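Visitor: Provided herewith is a single structure, encoded as structure tokens, for subsequent inquiry.
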Amino acid sequence: IRGNRAANRGGGLFLADSAARVAATAVYSNTAAEGAGLYLDGPLTLNPLDLPLIANNYVRHNRATGGLGGGLYLREAIAGLVNNVIADNQAAEGAGLYLWASSPQIFHNTIAQNAGGSGLYLTHAPGSVWPPLPPVPSWPSITNTIIASQTVGVYVDSTGLPYPLENQASLDGTLWWANGSDAAGPGQVVRNHDVNGNPRFTCTGTPPGCLNPYHILTDSAAVDAGVIVALSLPGTDQFVDIDGQLRPSGEGYDIGADEIVSETYSVWLLPPLSVQPAQPGETVTHTHRLLNTGLQTDTYDLRIHSDSGWATLLTAGPITLSAQSSATVQVRVDVPASASAGMSDTTVITATSRAEVDRRALALDITRIPGGDTADLILDEQAEPTVLTPGGAVRYSLVVTNAGPLTQSLPVTLTCATAPTRAIGAWSLPTGCTGDVNRGLFTCTLTLPGGAVPVSRSLGLVLTTTGAYSGLLVSGADVALPPDVTDPNPLNNAAQATVLVTDCLPLRAVGISGPSEGVSGTSSVLTAVLTPAQATAPITYTWSPTPAQGQNTSQATYTWTVTGTQVITLVVENCGGLVSDTHAITVAESGEIRRNIYLPLVLKGDEP
């Protein structure tokens with residue numbers, strides 16, 4: 001996909017809410033205002049089957065004339081990016097990759113030598129003034145990726161609010177090299193298992209002079225330096241590198257898009273850890289891939305050890321695999337009906353090479369019966385009012401509900417955080433709660449009564465804002481069970497309420513309510529309907545033509561002296577500007593109004 005131009009977005013490719021898999025493709029020398037190589041507009045979904053996958057591609061020499069996203073631009077998208085070389089692209093920000101309110105999973109990419117302010121740029125969708133909504137941040141997870149030779153490796157913009165409303169780049173197993181600065185910006189950057197060293201690329205040119213650009217040499221700092229990867233994406237892209245060679249090979253994962261394959265015999269079991277819940281009498285299956293990541297055919301003996309005796313190896317051995325091939329290995333765990341809550345089985349799987357008996361791969365399967373009782377906690381948080389002036393007070397109502405099945409009394413812990421803290425002047429906490437107003441954080445311990453479920457407890461908190469702050473005030477709360485109780489649906493354990501603190505809540509719209517017909521010599525009353533109803537006063541009303549009564553008020557009275565269609569215009573203004581609406585009334589002469597009279601219809605005929 002080369003040499004294409006787009007006036008706006010996606011010079012090479014534009015995907016809108018697509019679950020497409022773009023793989024083994026060269027996206028070169030395309031131009032667009034934004035997202036010159038690839039532009040992904042959505043989807044914002046957590047279903048892995050609906051995610052677009054960008055895997056094993058070269059995205060190079062693309063240029064964003066509008067300044068954002070030279071290689072790729074993701075807008076409100078959750079996607080998988082695996083084994084890509086994103087290099088030599090140009091843009092003022094996000095020369096390699098620009099994320100706008102996006103949270104992709106990025107594994108084994110090489111982001112290098114992109115020209116502009118940053119190789120990777122994170123920012124957010126801004127919040128809404130009305131209705132009051134918080135910003136949508138970017139939260140990419142970036143694993144085993146090379147970030148090299150850029151002015152700024154990763155730049156993270158800030159929403160001005162704390163996590164989870166803050167932009168955050170989470171990097172694990174990153175190789176940094178020759179950047180002006182590795183990370184910058186006011187947002188959050190979380191870094192683990194950093195590697196600082198020369199990636200030792202084979203070459204960085206273009207074919208035919210450079211047949212395998214941005215591959216690594218055997219003495220690269222990236223070799224075997226990566227972390228274990230969570231196999232969270234569908235398909236097999238995470239089992240291979242950009243060339244289709246199995247990974248990991250040797251002693252561990254290589255960082256970046258390329259995996260060095262240099263050992264004669266090498267074996268891996270993926271994932272190395274599988275954890276599944278189960279109930280008494282239930283059967284679960286753990287599935288792994290056995291990989292021959294060496295250069296020669298090998299045969300492997302499989303063994304398992306189950307500490308409870310519940311496990312059975314379903315895959316018959318020995319297994320012979322040619323170089324760079326794989327096979328499925330499964331373990332079945334039959335949980336006895338007599339097993340009780342809290343019991344578990346731990347099974348160790350071993351695959352041993354017959355060619356080199358010291359070569360072996362291990363995997364661990366844990367099957368656990370959730371301990372104790374289960375209770376579905378539901379948390380609801382409401383704020384009233386949702387719009388207030390600086391120095392005003394807001395009342396938060398929090399309701400914790402136990403939806404069962406546990407019917408015993410239940411102690412729970414409620415934690416609430418409010419931001420920004422500079423907006424908080426004072427608060428009054430309910431009984432049983434303690435907090436630190438300077439941190440905007442309080443914790444409550446309460447007991448839900450026993451008995452028939454659902455059963456609820458309510459808490460009320462009054463917070464007074466400072467007179468100096470205006471903007472969004474965000475309160476987030478979550479509720480936790482004691483450790484011996486399991487929640488089958490933890491997603492409803494958290495809630496959030498947003499309040500707008502402002503000196504001026506602008507008008508968004510006005511409507512006119514009233515009759516659509518009138519009679520000469522009579523009067524009609526028209527009423528202004530404001531959106532939002534809480535728009536900041538003073539508000540001026542200008543009716544046209546001038547009414548008999550009510551000019552400069554929200555209600556106008558018109559007395560009809562002429563017939564035909566009369567059009568009324570209303571212009572309303574407050575501190576935020578002007579809005580308007582029109583309303584048509586058909587005026588008839590006195591006595592001309594039709595009245596429908598309905599008479600019963602009686603049919604007579606011979607009886608059957």
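In the structure tokens, chains take letters A, B, ... by order of appearance, with residues numbered from 1 within each chain and ligands from 1 in the order shown.
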Can you list, as a list in words, all residues belonging to stretch 215-275 of chain A that DSSP tags as strand (DSSP E or B)?
Guide: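 Matching residues for strand (DSSP E or B) in stretch 215-275 of chain A are Ile216, Val240, Leu246, Ser249, Gly252, Val267, Trp268, Leu269, Leu270, Leu273, Ser274 and Val275 of chain A.
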Visitor: Would you mind listing what lies within 8 Å of A:Ala419 as a list in words, with only C-alpha atoms counted and same-chain residues fewer than 5 positions away left out?
Guide: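 Selected residues are Leu161, Pro162, Gly440, Leu473, Val474 and Ser475 of chain A.
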Visitor: Write out as a list in words each polymer residue whose atoms come within 9 Å of stretch 332-338 of chain A, counting only C-alpha atoms; drop sequence neighbours fewer than 6 positions from it.
Guide: Ala278, Gln279, Pro280, Gly281, Glu282, Thr283, Val284, Thr285, His286, Thr287, Gly309, Trp310, Ala311, Thr312, Leu313, Leu314, Ser344, Asp345, Thr367 and Ile369 of chain A
Visitor: Write a file of the selected residues as a compact mmCIF listing (two decimals), in the first residue's frame, keeping C-alpha atoms.
Guide:
# COMPACT_ATOMS: atom_id res chain seq x y z
CA ALA A 278 -14.35 -24.18 38.97
CA GLN A 279 -17.22 -25.48 41.06
CA PRO A 280 -17.52 -28.88 42.78
CA GLY A 281 -18.43 -31.54 40.21
CA GLU A 282 -17.29 -29.37 37.30
CA THR A 283 -14.72 -30.25 34.59
CA VAL A 284 -12.38 -27.60 33.18
CA THR A 285 -9.77 -27.82 30.44
CA HIS A 286 -6.46 -25.95 30.30
CA THR A 287 -5.08 -25.47 26.77
CA GLY A 309 -4.89 -35.97 41.63
CA TRP A 310 -7.74 -34.24 39.77
CA ALA A 311 -5.85 -33.70 36.48
CA THR A 312 -5.53 -35.89 33.37
CA LEU A 313 -3.26 -35.26 30.38
CA LEU A 314 -5.50 -35.34 27.30
CA SER A 344 -7.59 -26.09 44.46
CA ASP A 345 -5.47 -28.22 42.17
CA THR A 367 -7.83 -24.79 39.17
CA ILE A 369 -12.90 -23.36 43.76
Visitor: Near A:Ala361, within 8 Å and counting only C-alpha atoms, which residues show up once chain neighbours fewer than 3 positions away are dropped, as a list in words?
Guide: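 Listed by chain and then number, they are Val267, Trp268, Leu269, Thr350, Ala351 and Thr352 of chain A.
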Visitor: Determine the nearest neighbour of A:His124 from the options A:Val82, A:Val156, A:Leu97, A:Leu429, counting only C-alpha atoms.
Guide: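 Among A:Val82, A:Val156, A:Leu97, A:Leu429, it is A:Val156 that comes nearest to A:His124.
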Visitor: Can you tell me, as a PyMOL selection string, what residues are no more than 8 Å from A:Arg63 when counting only C-alpha atoms, ignoring any on the same chain fewer than 6 positions away?
Guide: chain A and resi 29-32+36-37+70-71+89-91
Visitor: Go ahead and save the residues from that selection, with C-alpha atoms, as a PDB file, in the first residue's frame.
Guide:
ATOM      1  CA  SER A  29       5.098   6.561   1.598  1.00  0.00           C
ATOM      2  CA  ASN A  30       1.456   7.556   2.009  1.00  0.00           C
ATOM      3  CA  THR A  31       0.285  11.073   2.853  1.00  0.00           C
ATOM      4  CA  ALA A  32      -2.724  12.417   4.774  1.00  0.00           C
ATOM      5  CA  ALA A  36      -0.964   8.952   6.956  1.00  0.00           C
ATOM      6  CA  GLY A  37      -0.292   5.205   7.014  1.00  0.00           C
ATOM      7  CA  GLY A  70       2.540   9.879  10.744  1.00  0.00           C
ATOM      8  CA  GLY A  71       2.386   6.076  10.857  1.00  0.00           C
ATOM      9  CA  ASN A  89       7.363   8.285   9.518  1.00  0.00           C
ATOM     10  CA  GLN A  90       6.844  12.044   9.931  1.00  0.00           C
ATOM     11  CA  ALA A  91       4.428  14.119  12.015  1.00  0.00           C
TER      12      ALA A  91
END
Visitor: Pick out the closest residue to A:Asp172 from this set: A:Cys575, A:Ile78, A:Leu68, A:Ile146. Count only C-alpha atoms.
Guide: A:Ile146
Visitor: For A:Ala584, find every residue with an atom within 8 Å (counting only C-alpha atoms), except residues of its own chain fewer than 3 positions away, and show them as a VMD selection string.
Guide: chain A and resid 516 565 to 568
Visitor: Between A:Ser220, A:Asn8, A:Ser353, A:Ser232, which is the closest to A:Thr264 once you count only C-alpha atoms?
Guide: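 Distance minimum relative to A:Thr264 lands on A:Ser353.
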Visitor: Just how far from atom CA of A:Ala221 is atom CA of A:Leu175, in Å to one decimal?
Guide: 7.8 Å
Visitor: Which one of A:Ala341, A:His108, A:Thr328, A:Tyr155 sits closest to A:Val229 if you count only C-alpha atoms?
Guide: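 Under the stated criterion, the closest residue is A:His108.
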Visitor: Would you work out the distance separating atom CA of A:Thr561 from atom CA of A:Thr527, expressed in Å to one decimal?
Guide: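 Between atom CA of A:Thr561 and atom CA of A:Thr527 the gap is 20.4 Å.
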Visitor: With 10 Å as the cut-off and only C-alpha atoms counted, what is the closest atom pair between each nearby residue of stretch 231-268 of chain A and stretch 205-215 of chain A? Distances in Å to one decimal, ordered by chain and number, as a Markdown table.
Guide:
| residue | atom | partner | partner_atom | distance |
| --- | --- | --- | --- | --- |
| A:Ile242 | CA | A:His215 | CA | 9.2 |
| A:Asp243 | CA | A:Asn212 | CA | 9.5 |
| A:Gly256 | CA | A:His215 | CA | 8.5 |
| A:Ala257 | CA | A:His215 | CA | 7.5 |
| A:Asp258 | CA | A:His215 | CA | 5.5 |
| A:Glu259 | CA | A:His215 | CA | 8.1 |
| A:Ile260 | CA | A:His215 | CA | 8.6 |
Visitor: Compile the contact shell of stretch 537-541 of chain A as a VMD selection string: residues with an atom at most 12 Å away, counting only C-alpha atoms, same-chain residues fewer than 3 positions apart removed.
Guide: chain A and resid 389 503 to 507 510 512 527 to 530 532 to 534 544 546 to 547 550 to 556 569 to 581
Visitor: Save out the residues we just selected, N, CA and C atoms, as a tab-separated table (two decimals), in the first residue's frame.
Guide:
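Once everything was written out, this is again_14.tsv:
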chain	number	residue	atom	x	y	z
A	389	THR	N	-22.70	26.71	41.12
A	389	THR	CA	-21.75	27.80	40.99
A	389	THR	C	-20.61	27.61	41.98
A	503	ASP	N	-19.46	29.38	36.62
A	503	ASP	CA	-20.13	30.67	36.76
A	503	ASP	C	-21.14	30.88	35.64
A	504	CYS	N	-20.98	30.14	34.56
A	504	CYS	CA	-21.86	30.32	33.41
A	504	CYS	C	-22.17	28.98	32.78
A	505	LEU	N	-23.42	28.54	32.93
A	505	LEU	CA	-23.89	27.37	32.21
A	505	LEU	C	-24.61	27.87	30.97
A	506	PRO	N	-24.03	27.70	29.78
A	506	PRO	CA	-24.62	28.31	28.59
A	506	PRO	C	-25.89	27.60	28.15
A	507	LEU	N	-26.72	28.36	27.45
A	507	LEU	CA	-27.90	27.78	26.81
A	507	LEU	C	-27.46	26.96	25.61
A	510	VAL	N	-33.41	26.41	22.72
A	510	VAL	CA	-34.69	26.87	23.24
A	510	VAL	C	-35.78	26.35	22.31
A	512	ILE	N	-40.27	26.46	21.65
A	512	ILE	CA	-41.50	27.22	21.93
A	512	ILE	C	-42.64	26.24	22.06
A	527	THR	N	-44.86	29.57	25.39
A	527	THR	CA	-43.92	29.45	26.51
A	527	THR	C	-42.55	28.99	26.01
A	528	ALA	N	-41.51	29.62	26.50
A	528	ALA	CA	-40.13	29.22	26.15
A	528	ALA	C	-39.72	28.03	27.00
A	529	VAL	N	-39.11	27.02	26.35
A	529	VAL	CA	-38.59	25.84	27.04
A	529	VAL	C	-37.08	25.82	26.84
A	530	LEU	N	-36.32	25.97	27.93
A	530	LEU	CA	-34.87	26.11	27.84
A	530	LEU	C	-34.16	24.77	28.02
A	532	PRO	N	-30.10	23.78	28.81
A	532	PRO	CA	-30.62	23.10	30.00
A	532	PRO	C	-31.51	24.02	30.81
A	533	ALA	N	-32.36	23.43	31.60
A	533	ALA	CA	-33.27	24.23	32.41
A	533	ALA	C	-32.53	25.05	33.45
A	534	GLN	N	-31.30	24.56	33.83
A	534	GLN	CA	-30.53	25.27	34.86
A	534	GLN	C	-29.60	26.33	34.29
A	544	SER	N	-40.57	38.02	18.58
A	544	SER	CA	-40.82	38.80	17.37
A	544	SER	C	-41.87	38.09	16.50
A	546	THR	N	-43.60	41.67	18.29
A	546	THR	CA	-43.80	41.98	19.71
A	546	THR	C	-45.15	41.48	20.19
A	547	PRO	N	-45.20	40.75	21.29
A	547	PRO	CA	-46.47	40.22	21.78
A	547	PRO	C	-47.29	41.30	22.49
A	550	GLY	N	-45.80	40.11	27.71
A	550	GLY	CA	-44.75	39.14	27.99
A	550	GLY	C	-43.43	39.34	27.30
A	551	GLN	N	-43.25	40.46	26.58
A	551	GLN	CA	-41.92	40.70	26.01
A	551	GLN	C	-40.88	40.74	27.13
A	552	ASN	N	-39.70	40.14	26.88
A	552	ASN	CA	-38.61	40.02	27.86
A	552	ASN	C	-38.93	39.05	29.00
A	553	THR	N	-39.93	38.18	28.79
A	553	THR	CA	-40.21	37.13	29.76
A	553	THR	C	-40.27	35.79	29.03
A	554	SER	N	-40.39	34.70	29.79
A	554	SER	CA	-40.41	33.37	29.19
A	554	SER	C	-41.78	32.99	28.64
A	555	GLN	N	-42.79	33.84	28.84
A	555	GLN	CA	-44.14	33.52	28.38
A	555	GLN	C	-44.74	34.74	27.69
A	556	ALA	N	-45.21	34.55	26.46
A	556	ALA	CA	-45.74	35.66	25.66
A	556	ALA	C	-47.18	35.39	25.27
A	569	THR	N	-40.89	34.22	16.27
A	569	THR	CA	-39.47	33.95	16.50
A	569	THR	C	-39.10	34.38	17.92
A	570	LEU	N	-38.34	33.51	18.58
A	570	LEU	CA	-37.86	33.81	19.93
A	570	LEU	C	-36.34	33.70	19.96
A	571	VAL	N	-35.69	34.75	20.43
A	571	VAL	CA	-34.24	34.76	20.63
A	571	VAL	C	-33.98	34.88	22.13
A	572	VAL	N	-33.19	33.93	22.65
A	572	VAL	CA	-32.89	33.90	24.08
A	572	VAL	C	-31.38	34.01	24.25
A	573	GLU	N	-30.96	34.78	25.24
A	573	GLU	CA	-29.52	35.01	25.45
A	573	GLU	C	-29.19	34.94	26.94
A	574	ASN	N	-28.04	34.30	27.22
A	574	ASN	CA	-27.46	34.39	28.56
A	574	ASN	C	-25.96	34.56	28.41
A	575	CYS	N	-25.22	34.32	29.48
A	575	CYS	CA	-23.78	34.56	29.46
A	575	CYS	C	-23.05	33.73	28.41
A	576	GLY	N	-23.67	32.65	27.95
A	576	GLY	CA	-23.02	31.78	26.97
A	576	GLY	C	-23.33	32.09	25.53
A	577	GLY	N	-24.24	33.07	25.26
A	577	GLY	CA	-24.55	33.42	23.89
A	577	GLY	C	-26.02	33.31	23.57
A	578	LEU	N	-26.33	33.28	22.25
A	578	LEU	CA	-27.70	33.31	21.75
A	578	LEU	C	-28.16	31.95	21.27
A	579	VAL	N	-29.45	31.65	21.47
A	579	VAL	CA	-30.12	30.52	20.83
A	579	VAL	C	-31.49	31.02	20.39
A	580	SER	N	-32.12	30.33	19.41
A	580	SER	CA	-33.40	30.82	18.90
A	580	SER	C	-34.26	29.66	18.44
A	581	ASP	N	-35.55	29.97	18.23
A	581	ASP	CA	-36.50	28.99	17.72
A	581	ASP	C	-37.64	29.75	17.06
Visitor: Using only C-alpha atoms, pick whichever of A:Gly173, A:Gly119, A:Pro482, A:Gly521 has the shortest atom-to-atom distance to A:Val562.
Guide: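 Checking each of A:Gly173, A:Gly119, A:Pro482, A:Gly521 against A:Val562, counting only C-alpha atoms, the winner is A:Gly521.
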Visitor: Using atom CA of A:Gly372 and atom CA of A:Asn489 as the two end points, give the distance in Å to one decimal.
Guide: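 It comes out at 15.5 Å.
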Visitor: Nearest to A:Pro48: which of A:Ala79, A:Val499, A:Ala548, A:Ala16 is it, counting only C-alpha atoms?
Guide: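 Under the stated criterion, the closest residue is A:Ala79.
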